[in-house]
Number of protein chains: 2
Amino acid sequence: MKTYQVVGIGNAMVDILTRAQDGFLADAGIEKGIMQLIDMDRAVDLYAKIGPAREVSGGSAANTIAGIAHLGGKTAYVGKVKDDQLGAIFAHDLRAQGAVYQTALAPKSAEHETGRCIVIVTPDGERSMNTYLGVTEFLTPADIDPAMMSDADWIYLEGYRFDGPESHAAFAKAIEACKSSGGRVSITLSDPFCVARHRDAFRTMIRDHVDLLFCNRAEMLSMYQTEDFDAALAQAAQEVAIVACTDSENGAHILSNGQRWHAPAVPTSIVDATGAGDLFAGAFLWGLTQGASLENCGRMGCVAASEVISHIGARPEANLKDLFVRHGLL
Amino acid sequence: MKTYQVVGIGNAMVDILTRAQDGFLADAGIEKGIMQLIDMDRAVDLYAKIGPAREVSGGSAANTIAGIAHLGGKTAYVGKVKDDQLGAIFAHDLRAQGAVYQTALAPKSAEHETGRCIVIVTPDGERSMNTYLGVTEFLTPADIDPAMMSDADWIYLEGYRFDGPESHAAFAKAIEACKSSGGRVSITLSDPFCVARHRDAFRTMIRDHVDLLFCNRAEMLSMYQTEDFDAALAQAAQEVAIVACTDSENGAHILSNGQRWHAPAVPTSIVDATGAGDLFAGAFLWGLTQGASLENCGRMGCVAASEVISHIGARPEANLKDLFVRHGLL
């Protein structure tokens with residue numbers, strides 16, 4: 001039995017959450033509903049413009065790992081923070097949730113600070129993310145411990161990490177170590193524009209290495225450069241053993257081995273959409289570790305996503321296992 | 001007309017908010033429902049023990065000033081933070097709320113970091129506060145700008161600030177500048193144990209300088225070392241022009257010029273009691289600047305307190321003016 005059920009690799013960052021009207025997005029030149037990368041100057045400028053905020057640990061794969069840890073799964077996370085106050089917050093919150101976080105900290109003298117994401121939540125609950133990657137951009141193969149990767153049933157790779165200079169090499173090292181000991185590889189496409197920036201690298205990795213693909217409708221369409229959703233799903237299902245594609249209020253579609261299932265969305269009032277996909281993936285992966293059917297993994301994912309969008313912040317607040325029981329999934 | 005309606009002086013800090021069961025408090029040696037001062041070692045140790053947290057700007061007087069700024073009052077705040085990430089968060093959140101915050105930052109090389117308060121919220125909504133003062137402990141007379149104090153209709157002094165080594169001298173400088181230009185002085189007793197630590201200094205300042213006293217029942221009893229609440233109120237009313245004393249679910253008692261009013265509490269479900277007294281004071285002071293009756297100032301205070309305890313965090317989230325209108329106060 002391996003030490004870890006899931007090891008995640010992603011961009012480590014703290015979310016700076018604030019509310020604003022739609023007009024603010026236009027005035028500040030922010031595109032609604034997506035993640036945009038910003039530099040430190042822009043981060044400082046934008047931070048000065050937003051209203052009062054609150055800080056919570058974020059990072060897409062870190063949210064997923066926190067969700068699995070919350071459910072009792074054995075997890076670890078790899079992502080780079082600096083030895084600064086935001087880095088301490090990030091590390092604390094993962095460990096406090098029960099995940100292993102042992103990545104070396106960039107020293108206080110490092111040029112870049114811990115990454116942060118200014119998340120602007122509009123009245124419709126949609127989130128527009130402005131990401132200053134900071135030190136997390138510079139996660140390299142040296143930060144990947146092959147012993148940890150080979151001691152994992154699953155590794156979970158965050159698509160956003162395709163943006164760093166040595167990120168592809170870091171992923172390759174992790175995949176090799178994981179696969180060589182019989183582990184499996186899951187990935188999330190993260191964002192349609194991230195897919196557009198790195199489509200070839202994504203396609204190659206998916207075809208050659210990925211056993212479980214997480215994405216949403218927009219990412220799926222971007223990946224296969226089509227407007228035909230069902231065709232894109234079918235193509236993905238030919239390349240990957242398991243495809244789990246979320247579809248907003250339409251729930252999620254699961255495809256594997258020639259079969260297809262639909263998991264319905266769980267109605268809720270959307271307060272903050274941040275983390276919906278992250279928690280879907282976390283609950284799905286945890287379901288797999290419990291031997292749940294793929295359909296039920298998808299249903300657990302939809303329940304977890306609905307919990308996390310019902311409040312501010314991208315990590316679970318209610319007891320997800322209780323919710324799974326209430327939905328007849330445990 | 002003066003530039004500022006209210007200038008607050010307090011301990012600047014960021015709250016680290018987390019939830020725990022009552023058993024955790026006992027295991028960690030935390031006394032429930034009060035503020036306890038801790039050193040950095042204890043702060044590190046306790047932080048490692050608590051669950052995932054969120055960070056929001058706090059500080060008692062800063063919450064009050066944020067509330068007044070939220071209501072459109074002209075405010076400034078004086079309190080010391082370091083030039084670090086938590087300090088930047090604190091300064092941002094006050095300014096984003098519309099308050100002036102121009103205190104010199106302690107440099108990056110300063111020994112002490114920005115203060116923080118580990119707030120543990122139990123299922124009953126009660127908060128147990130563990131305060132590492134950090135650099136805010138060292139606010140000195142040099143940090144007090146007499147021009148700002150004399151340009152304020154009111155100054156608002158946080159009782160917690162009696163704990164710093166030069167805090168009494170700093171308060172004296174502020175009071176002198178304020179009074180010399182016809183301004184008035186308000187103070188909050190902050191905490192019954194803080195009163196017990198500095199009872200004589202509080203008593204002297206109140207008798208000699210204070211025009212408006214904010215406190216709660218426990219602080220009032222501690223101040224006058226009696227179990228007779230009405231007697232304590234009467235004594236305070238002889239020493240101070242206006243007394244505004246909150247009394248939890250019994251609302252608040254206002255005494256002035258031989259008269260006494262009662263403002264009823266506004267029923268709500270208590271999620272996090274942090275900031276109730278702070279926002280009571282903020283709304284009360286704002287009411288005064290608007291020429292509201294003392295009774296209505298007290299009622300505004302109770303409405304604002306009920307808003308802030310209905311959610312996590314000690315600063316208003318709903319529009320307080322709308323709430324005042326709904327309660328027939330505007």
# chains A, B, ... in the order shown; residues from 1 in each chain; ligands from 1
$ closest_atom_pairs --of "chain A" --to "chain B" --cutoff "9 Å" --atoms "only C-alpha atoms" --output "Markdown table"
| residue | atom | partner | partner_atom | distance |
| --- | --- | --- | --- | --- |
| A:Tyr47 | CA | B:His92 | CA | 7.8 |
| A:Ala48 | CA | B:His92 | CA | 6.9 |
| A:Lys49 | CA | B:Ala96 | CA | 7.5 |
| A:Ile50 | CA | B:Ala96 | CA | 6.7 |
| A:Gly51 | CA | B:Ala96 | CA | 4.7 |
| A:Pro52 | CA | B:Asp93 | CA | 4.4 |
| A:Ala53 | CA | B:Asp93 | CA | 6.5 |
| A:Arg54 | CA | B:Val56 | CA | 4.9 |
| A:Glu55 | CA | B:Glu55 | CA | 4.9 |
| A:Val56 | CA | B:Arg54 | CA | 4.9 |
| A:Ser57 | CA | B:Arg54 | CA | 7.6 |
| A:Asp84 | CA | B:Gln85 | CA | 7.8 |
| A:Gln85 | CA | B:Gln85 | CA | 6.2 |
| A:Leu86 | CA | B:Gln85 | CA | 7.0 |
| A:Ile89 | CA | B:Ala53 | CA | 8.3 |
| A:His92 | CA | B:Ala48 | CA | 6.9 |
| A:Asp93 | CA | B:Pro52 | CA | 4.4 |
| A:Leu94 | CA | B:Pro52 | CA | 7.2 |
| A:Arg95 | CA | B:Pro52 | CA | 8.2 |
| A:Ala96 | CA | B:Gly51 | CA | 4.7 |
| A:Gln97 | CA | B:Pro52 | CA | 6.2 |
$ write_last_selection --atoms "C-alpha atoms" --output "compact mmCIF listing (two decimals), in the first residue's frame"
# COMPACT_ATOMS: atom_id res chain seq x y z
CA TYR A 47 -4.89 45.72 -5.08
CA ALA A 48 -4.97 49.47 -4.45
CA LYS A 49 -8.19 49.70 -6.49
CA ILE A 50 -10.23 46.92 -4.91
CA GLY A 51 -12.33 47.22 -1.78
CA PRO A 52 -11.70 45.53 1.56
CA ALA A 53 -10.71 41.92 1.07
CA ARG A 54 -10.12 38.73 2.93
CA GLU A 55 -7.28 36.31 2.45
CA VAL A 56 -7.74 32.56 2.15
CA SER A 57 -5.42 29.89 0.89
CA ASP A 84 7.03 35.02 3.94
CA GLN A 85 3.73 35.58 5.73
CA LEU A 86 1.54 34.54 2.81
CA ILE A 89 -0.55 30.97 5.61
CA HIS A 92 -0.48 26.16 7.45
CA ASP A 93 -3.86 25.79 5.84
CA LEU A 94 -2.88 22.71 3.84
CA ARG A 95 -1.26 21.02 6.82
CA ALA A 96 -4.14 21.97 9.10
CA GLN A 97 -6.42 20.19 6.66
$ select_by_dssp --residues "segment 68-286 of chain A" --states "strand (DSSP E)" --output "NGL selection string"
:A and (75-78 or 100-101 or 115-121 or 127-132 or 152-158 or 184-188 or 212-216 or 242-246 or 252-256 or 259-263)
$ residues_around --residues "segment 169-173 of chain B" --least-positions-apart "2" --cutoff "6 Å" --atoms "only C-alpha atoms" --output "number ranges by chain"
B: 140-141, 166-167, 175-176
$ write_last_selection --atoms "C-alpha atoms" --output "mmCIF file, in the first residue's frame"
data_model
loop_
_atom_site.group_PDB
_atom_site.id
_atom_site.type_symbol
_atom_site.label_atom_id
_atom_site.label_comp_id
_atom_site.auth_asym_id
_atom_site.auth_seq_id
_atom_site.Cartn_x
_atom_site.Cartn_y
_atom_site.Cartn_z
ATOM 1 C CA THR B 140 4.788 55.918 20.900
ATOM 2 C CA PRO B 141 4.042 59.633 21.222
ATOM 3 C CA GLU B 166 4.551 54.243 25.840
ATOM 4 C CA SER B 167 0.857 53.966 25.160
ATOM 5 C CA ILE B 175 -5.947 64.003 24.082
ATOM 6 C CA GLU B 176 -4.145 67.290 24.631
#
$ select_by_dssp --residues "segment 37-147 of chain A" --states "alpha helix (DSSP H)" --output "CSV table (one decimal) with N, CA and C atoms, in the first residue's frame"
chain,number,residue,atom,x,y,z
A,40,MET,N,3.8,41.9,-11.0
A,40,MET,CA,3.8,42.5,-9.6
A,40,MET,C,3.2,43.9,-9.7
A,41,ASP,N,3.7,44.7,-10.7
A,41,ASP,CA,3.2,46.1,-10.7
A,41,ASP,C,1.7,46.1,-10.9
A,42,ARG,N,1.2,45.3,-11.7
A,42,ARG,CA,-0.3,45.3,-11.9
A,42,ARG,C,-1.0,44.8,-10.6
A,43,ALA,N,-0.3,43.8,-10.0
A,43,ALA,CA,-0.9,43.3,-8.7
A,43,ALA,C,-1.0,44.4,-7.7
A,44,VAL,N,0.0,45.2,-7.6
A,44,VAL,CA,0.0,46.3,-6.6
A,44,VAL,C,-1.1,47.3,-7.0
A,45,ASP,N,-1.1,47.7,-8.3
A,45,ASP,CA,-2.1,48.7,-8.8
A,45,ASP,C,-3.5,48.2,-8.6
A,46,LEU,N,-3.8,46.9,-8.9
A,46,LEU,CA,-5.1,46.4,-8.8
A,46,LEU,C,-5.5,46.3,-7.3
A,47,TYR,N,-4.6,45.9,-6.5
A,47,TYR,CA,-4.9,45.7,-5.1
A,47,TYR,C,-5.3,47.1,-4.5
A,48,ALA,N,-4.6,48.1,-5.0
A,48,ALA,CA,-5.0,49.5,-4.4
A,48,ALA,C,-6.4,49.9,-4.9
A,49,LYS,N,-6.9,49.3,-6.0
A,49,LYS,CA,-8.2,49.7,-6.5
A,49,LYS,C,-9.4,48.9,-5.9
A,60,SER,N,-5.4,26.1,-7.4
A,60,SER,CA,-6.4,25.2,-7.9
A,60,SER,C,-6.1,23.8,-7.3
A,61,ALA,N,-4.9,23.2,-7.6
A,61,ALA,CA,-4.7,21.8,-7.2
A,61,ALA,C,-4.6,21.8,-5.6
A,62,ALA,N,-4.2,22.9,-5.0
A,62,ALA,CA,-4.2,22.9,-3.5
A,62,ALA,C,-5.6,22.8,-3.0
A,63,ASN,N,-6.5,23.4,-3.6
A,63,ASN,CA,-7.9,23.3,-3.2
A,63,ASN,C,-8.4,21.9,-3.3
A,64,THR,N,-8.0,21.2,-4.4
A,64,THR,CA,-8.4,19.8,-4.7
A,64,THR,C,-7.8,18.9,-3.6
A,65,ILE,N,-6.5,19.1,-3.3
A,65,ILE,CA,-5.9,18.3,-2.3
A,65,ILE,C,-6.5,18.6,-0.9
A,66,ALA,N,-6.8,19.9,-0.6
A,66,ALA,CA,-7.4,20.2,0.7
A,66,ALA,C,-8.8,19.4,0.8
A,67,GLY,N,-9.5,19.4,-0.4
A,67,GLY,CA,-10.8,18.7,-0.4
A,67,GLY,C,-10.6,17.2,-0.1
A,68,ILE,N,-9.6,16.6,-0.7
A,68,ILE,CA,-9.4,15.1,-0.4
A,68,ILE,C,-8.9,14.9,1.0
A,69,ALA,N,-8.1,15.8,1.5
A,69,ALA,CA,-7.6,15.7,2.9
A,69,ALA,C,-8.8,15.9,3.9
A,70,HIS,N,-9.7,16.8,3.5
A,70,HIS,CA,-10.9,17.1,4.3
A,70,HIS,C,-11.7,15.8,4.4
A,85,GLN,N,5.0,35.8,5.0
A,85,GLN,CA,3.7,35.6,5.7
A,85,GLN,C,2.6,34.9,4.9
A,86,LEU,N,2.5,35.2,3.6
A,86,LEU,CA,1.5,34.5,2.8
A,86,LEU,C,1.9,33.1,2.6
A,87,GLY,N,3.2,32.8,2.5
A,87,GLY,CA,3.7,31.5,2.3
A,87,GLY,C,3.4,30.6,3.6
A,88,ALA,N,3.5,31.3,4.7
A,88,ALA,CA,3.2,30.6,6.0
A,88,ALA,C,1.7,30.3,6.1
A,89,ILE,N,0.9,31.2,5.6
A,89,ILE,CA,-0.6,31.0,5.6
A,89,ILE,C,-0.9,29.8,4.7
A,90,PHE,N,-0.3,29.8,3.5
A,90,PHE,CA,-0.6,28.7,2.6
A,90,PHE,C,-0.2,27.3,3.1
A,91,ALA,N,1.0,27.3,3.7
A,91,ALA,CA,1.5,26.0,4.2
A,91,ALA,C,0.6,25.5,5.4
A,92,HIS,N,0.3,26.5,6.3
A,92,HIS,CA,-0.5,26.2,7.4
A,92,HIS,C,-1.8,25.5,7.1
A,93,ASP,N,-2.5,26.2,6.1
A,93,ASP,CA,-3.9,25.8,5.8
A,93,ASP,C,-3.9,24.4,5.2
A,94,LEU,N,-2.9,24.1,4.4
A,94,LEU,CA,-2.9,22.7,3.8
A,94,LEU,C,-2.6,21.7,4.9
A,95,ARG,N,-1.6,22.0,5.8
A,95,ARG,CA,-1.3,21.0,6.8
A,95,ARG,C,-2.4,20.9,7.8
A,96,ALA,N,-3.0,22.0,8.1
A,96,ALA,CA,-4.1,22.0,9.1
A,96,ALA,C,-5.3,21.1,8.6
A,146,PRO,N,11.2,12.3,-6.6
A,146,PRO,CA,10.7,11.1,-7.3
A,146,PRO,C,10.1,10.0,-6.3
A,147,ALA,N,10.7,10.0,-5.1
A,147,ALA,CA,10.3,9.0,-4.1
A,147,ALA,C,8.8,9.3,-3.7
$ closest_residue --among "A:Ala152, A:Thr75, A:Arg299, A:Asp211" --to "Ala177 of chain A" --atoms "only C-alpha atoms"
A:Ala152
$ closest_atom_pairs --of "segment 129-186 of chain A" --to "segment 277-284 of chain A" --cutoff "12 Å" --atoms "only C-alpha atoms" --output "JSON lines"
{"residue": "A:Trp154", "atom": "CA", "partner": "A:Gly282", "partner_atom": "CA", "distance": 11.8}
{"residue": "A:Ile155", "atom": "CA", "partner": "A:Gly282", "partner_atom": "CA", "distance": 11.9}
{"residue": "A:Tyr156", "atom": "CA", "partner": "A:Ala281", "partner_atom": "CA", "distance": 9.3}
{"residue": "A:Leu157", "atom": "CA", "partner": "A:Ala281", "partner_atom": "CA", "distance": 11.1}
{"residue": "A:Glu158", "atom": "CA", "partner": "A:Asp278", "partner_atom": "CA", "distance": 9.7}
{"residue": "A:Gly159", "atom": "CA", "partner": "A:Asp278", "partner_atom": "CA", "distance": 11.6}
{"residue": "A:Ser186", "atom": "CA", "partner": "A:Ala281", "partner_atom": "CA", "distance": 9.5}
$ decode --residues "segment 175-202 of chain A" --atoms "N, CA and C atoms" --output "compact mmCIF listing (two decimals), in the first residue's frame"
# COMPACT_ATOMS: atom_id res chain seq x y z
N ILE A 175 5.71 12.48 -13.64
CA ILE A 175 4.97 11.43 -14.35
C ILE A 175 5.81 10.16 -14.43
N GLU A 176 7.07 10.32 -14.76
CA GLU A 176 7.94 9.14 -14.92
C GLU A 176 8.04 8.37 -13.61
N ALA A 177 8.26 9.11 -12.53
CA ALA A 177 8.40 8.44 -11.24
C ALA A 177 7.10 7.75 -10.84
N CYS A 178 6.01 8.42 -11.08
CA CYS A 178 4.69 7.87 -10.71
C CYS A 178 4.40 6.60 -11.51
N LYS A 179 4.55 6.72 -12.85
CA LYS A 179 4.19 5.59 -13.73
C LYS A 179 5.10 4.40 -13.50
N SER A 180 6.36 4.67 -13.21
CA SER A 180 7.32 3.57 -13.08
C SER A 180 6.99 2.67 -11.89
N SER A 181 6.18 3.17 -10.98
CA SER A 181 5.81 2.32 -9.85
C SER A 181 4.33 1.98 -9.89
N GLY A 182 3.74 2.07 -11.08
CA GLY A 182 2.36 1.64 -11.24
C GLY A 182 1.32 2.67 -10.85
N GLY A 183 1.74 3.91 -10.58
CA GLY A 183 0.77 4.95 -10.25
C GLY A 183 0.07 5.47 -11.50
N ARG A 184 -0.99 6.23 -11.28
CA ARG A 184 -1.74 6.79 -12.40
C ARG A 184 -1.73 8.32 -12.36
N VAL A 185 -1.97 8.89 -13.54
CA VAL A 185 -1.81 10.34 -13.71
C VAL A 185 -3.15 10.98 -14.04
N SER A 186 -3.52 11.98 -13.26
CA SER A 186 -4.70 12.79 -13.59
C SER A 186 -4.25 14.23 -13.81
N ILE A 187 -5.03 14.95 -14.59
CA ILE A 187 -4.68 16.33 -14.90
C ILE A 187 -5.97 17.14 -15.01
N THR A 188 -5.88 18.42 -14.69
CA THR A 188 -6.99 19.32 -14.98
C THR A 188 -6.53 20.34 -16.00
N LEU A 189 -7.39 20.64 -16.95
CA LEU A 189 -7.01 21.61 -17.99
C LEU A 189 -7.04 23.05 -17.47
N SER A 190 -7.67 23.28 -16.35
CA SER A 190 -7.62 24.55 -15.60
C SER A 190 -8.39 25.71 -16.20
N ASP A 191 -8.23 25.96 -17.52
CA ASP A 191 -8.73 27.23 -18.06
C ASP A 191 -8.62 27.19 -19.58
N PRO A 192 -9.66 27.63 -20.31
CA PRO A 192 -9.61 27.53 -21.77
C PRO A 192 -8.46 28.33 -22.39
N PHE A 193 -8.09 29.44 -21.77
CA PHE A 193 -7.01 30.25 -22.33
C PHE A 193 -5.66 29.62 -22.03
N CYS A 194 -5.57 28.94 -20.90
CA CYS A 194 -4.36 28.19 -20.57
C CYS A 194 -4.19 27.06 -21.59
N VAL A 195 -5.30 26.42 -21.95
CA VAL A 195 -5.26 25.37 -22.98
C VAL A 195 -4.78 25.97 -24.29
N ALA A 196 -5.30 27.14 -24.65
CA ALA A 196 -4.92 27.77 -25.92
C ALA A 196 -3.43 28.10 -25.95
N ARG A 197 -2.90 28.51 -24.79
CA ARG A 197 -1.47 28.86 -24.74
C ARG A 197 -0.57 27.63 -24.91
N HIS A 198 -1.07 26.47 -24.48
CA HIS A 198 -0.19 25.29 -24.42
C HIS A 198 -0.86 24.06 -25.01
N ARG A 199 -1.65 24.27 -26.08
CA ARG A 199 -2.49 23.16 -26.56
C ARG A 199 -1.67 21.93 -26.95
N ASP A 200 -0.58 22.14 -27.66
CA ASP A 200 0.20 20.99 -28.14
C ASP A 200 0.79 20.19 -26.97
N ALA A 201 1.31 20.92 -26.02
CA ALA A 201 1.90 20.23 -24.86
C ALA A 201 0.83 19.45 -24.09
N PHE A 202 -0.34 20.08 -23.92
CA PHE A 202 -1.45 19.37 -23.27
C PHE A 202 -1.82 18.12 -24.05
